[in-house]
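**Student:** Would you mind keeping the following structure in view while I ask a few things?
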Amino acid sequence: MRRTFLKASAAALALAAGLIHLPSAADAATRGGKMIYARYADSLFLDPVLNDANVDIWVLTNLYDTLLAPTADGVGVQPGLATKWDMAADGKSLAVTLRPGVKFADGSALTAEDVKWSLDRARDPKAGAWSSSLASIESIAVTSPEVVTLTLKHPDPTLIPALATFNAAILPQKLFEASAGATPEEKAKAFAEKPIGTGPFIMTAWKRGVSMTLKRNPYYWKQGEDGKALPYLDELEFQIIPDDATRLLKLKAGEIDGTEFIPYSRVKELQGDSNLRMELWPATRVRYLTFYSGPTFKDGKPNPFSNPKVRQALNYAVNKDAIIQITTLGLGKPMRSYMSSTTPLFFGQDLYKYDLAKAKALLAEAGFANGFETSIYSLSGNGDDANDLAAVQQMWGQVGVKLRIDQVDNATRTARYREENFAMRTSAWTNDISDPSQITSYFAYWPNIHSLHSNWQDKRVDELFEKSQQEIDPKARAEQYKEIQQRYAEAAPILFLYETPYPVAFRKNAKGFVQIPLGNNLFEAAYKDK
């Protein structure tokens with residue numbers, strides 16, 4: 001996810017949806033001070049290339065910039081570290097002109113060599129889950145001190161939005177390479193402990209599992225509404241509070257200024273609190289449960305989820321509309337694809353309407369007429385997880401499937417997921433790019449990360465995805481993605497749940513935070529009234 005701040009248009013987007021109320025645009029932002037924002041989980045690794053978790057990505061947007069940035073509606077792109085970009089008529093080269101005078105947070109100048117090095121690192125097939133987003137680049141050349149030219153293997157319909165995505169962030173080459181470590185991975189780990197970017201903040205302290213402190217970057221290039229350099233805040237502190245109820249108690253007591261992931265069951269309560277501002281930002285967020293679909297689990301035991309009829313049955317056995325009422329109090333809507341309905345080339349289908357008889361019949365066909373026992377990793381202290389899984393557990397019980405809920409912290413859940421050592425896990429996704437390629441490469445394209453680390457594979461889907469990455473005919477590309485979504489829905493590698501807005505809450509005097517549909521947490525224009 002990348003940085004952008006168009007306060008007026010972002011606010012207009014949310015206001016048009018009737019989801020939030022912001023202070024008057026005439027209100028003058030207050031400079032200085034400290035804002036405390038509570039997060040449900042700590043970051044893991046603050047490198048833009050070698051990670052795939054929102055707990056990292058949503059902090060990266062405050063430390064690093066990319067050449068281009070998403071617009072406030074999450075659909076287009078706008079200038080970032082680049083002021084213009086020119087694609088050749090044949091679609092096989094892109095000249096990018098850099099913004100003059102930009103400095104990193106240590107005061108060193110951003111150079112075209114930093115841009116070339118950063119993008120070369122990001123497109124390395126061995127570096128990270130998102131290298132495929134830049135795989136069309138054949139070579140990168142510094143053609144002048146202000147211009148970097150990307151030569152492509154073939155025309156790529158996804159390249160422009162990819163340059164506005166978090167993994168394409170620009171880092172200082174010399175500082176990175178001077179970091180301790182003998183290998184690129186070791187250097188990345190060392191650099192990420194004290195990251196330096198061109199973003200509005202610089203990290204000055206990190207007590208893992210407790211808090212992270214970001215200070216104002218005195219060299220930041222973007223200006224506020226008062227004509228002076230952003231950010232408005234002197235300091236931004238992230239406190240790590242995994243328990244939803246504790247975060248809300250601290251918010252109500254004024255011990256923190258804002259917090260993320262408000263349980264949907266508490267939204268109406270907070271909307272009625274005169275000291276708070278409950279915000280529901282338009283989103284690309286989807287909520288689902290991931291099945292591990294390989295033939296056996298890590299311990300060698302046979303896996304019932306390897307049978308698509310079992311996965312289909314368990315989807316039919318869940319009343320999605322009921323869960324939406326239980327967990328979101330009607331704020332969500334059923335998933336109709338693995339993509340959100342706001343994703344370009346979305347093809348919506350009515351997926352697995354509640355049908356208990358059909359669920360039982362499919363389980364019987366798969367050899368599980370009497371059901372089976374399984375388990376799921378859930379986030380400890382997370383209200384939405386608790387509500388979703390209590391309902392799923394009860395509903396699956398009606399078809400003989402006994403679900404054990406294992407509550408763990410986010411780091412454990414993530415580690416088991418990446419090791420592919422799980423039966424099921426609770427999951428949510430937010431697009432980082434205004435294109436279906438990223439979510440598809442993660443959910444459905446096996447060669448990337450084994451399709452959500454689930455080990456599900458459809459070679460036809462792999463083939464279609466690879467073709468879509470080079471298809472410049474919009475109609476042909478739409479047909480490719482339609483078939484991908486149809487095949488994925490039929491195979492049901494996930495339990496489809498719901499789409500929801502982003503729920504965040506602040507004290508009334510804490511203003512200026514923006515979350516765009518791609519999830520970017522933007523604090524660069526946040527401030528606190530005295």
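Identifiers in the structure tokens: chain A, B, ... in order shown; residue index from 1 per chain; ligand index from 1 in order shown.
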For Ala359 (chain A), work out the shell of residues within 7 Å, counting only C-alpha atoms and skipping chain neighbours fewer than 3 positions away, then give it as a PyMOL selection string.

**Tutor:** chain A and resi 313-314+316-317+355-356+362-363

**Student:** Might you pull out every residue within 8 Å of Ala162 (chain A), with only C-alpha atoms counted and same-chain residues fewer than 2 positions away left off, and present them as an MDAnalysis selection string?

**Tutor:** chainID A and resid 133:134 158:160 164:165 168 433

**Student:** From a backbone DSSP assignment, name each residue in region 51-273 of chain A labelled alpha helix (DSSP H), as a PyMOL selection string.

**Tutor:** chain A and resi 54-60+112-122+159-162+173-177+184-193+244-253+267-271

**Student:** May I have the residues within 7 Å of region 36-51 of chain A as a PyMOL selection string, using only C-alpha atoms and disregarding those fewer than 4 positions away in the same chain?

**Tutor:** chain A and resi 55-56+60+122+127-128+166-167+169+188+192+208-209+236-243+247+256-260+410

**Student:** Tell me which protein, DNA and RNA residues are within 9 Å of Val392 (chain A), counting only C-alpha atoms, leaving out same-chain ones fewer than 5 positions away, and put them as a PyMOL selection string.

**Tutor:** chain A and resi 317-319+323+387+397+403

**Student:** Which polymer residues have any atom within 9 Å of an atom of Asp409 (chain A), counting only C-alpha atoms, with same-chain residues fewer than 5 positions away left out, as a list in words?

**Tutor:** Ala41, Pro242, Ser378, Leu379, Ser380, Gly381 and Thr414 of chain A

**Student:** Between A:Thr66, A:Thr412, A:Ser341, A:Asn448, which has the minimum distance to Ser118 (chain A) (counting only C-alpha atoms)?

**Tutor:** A:Thr66
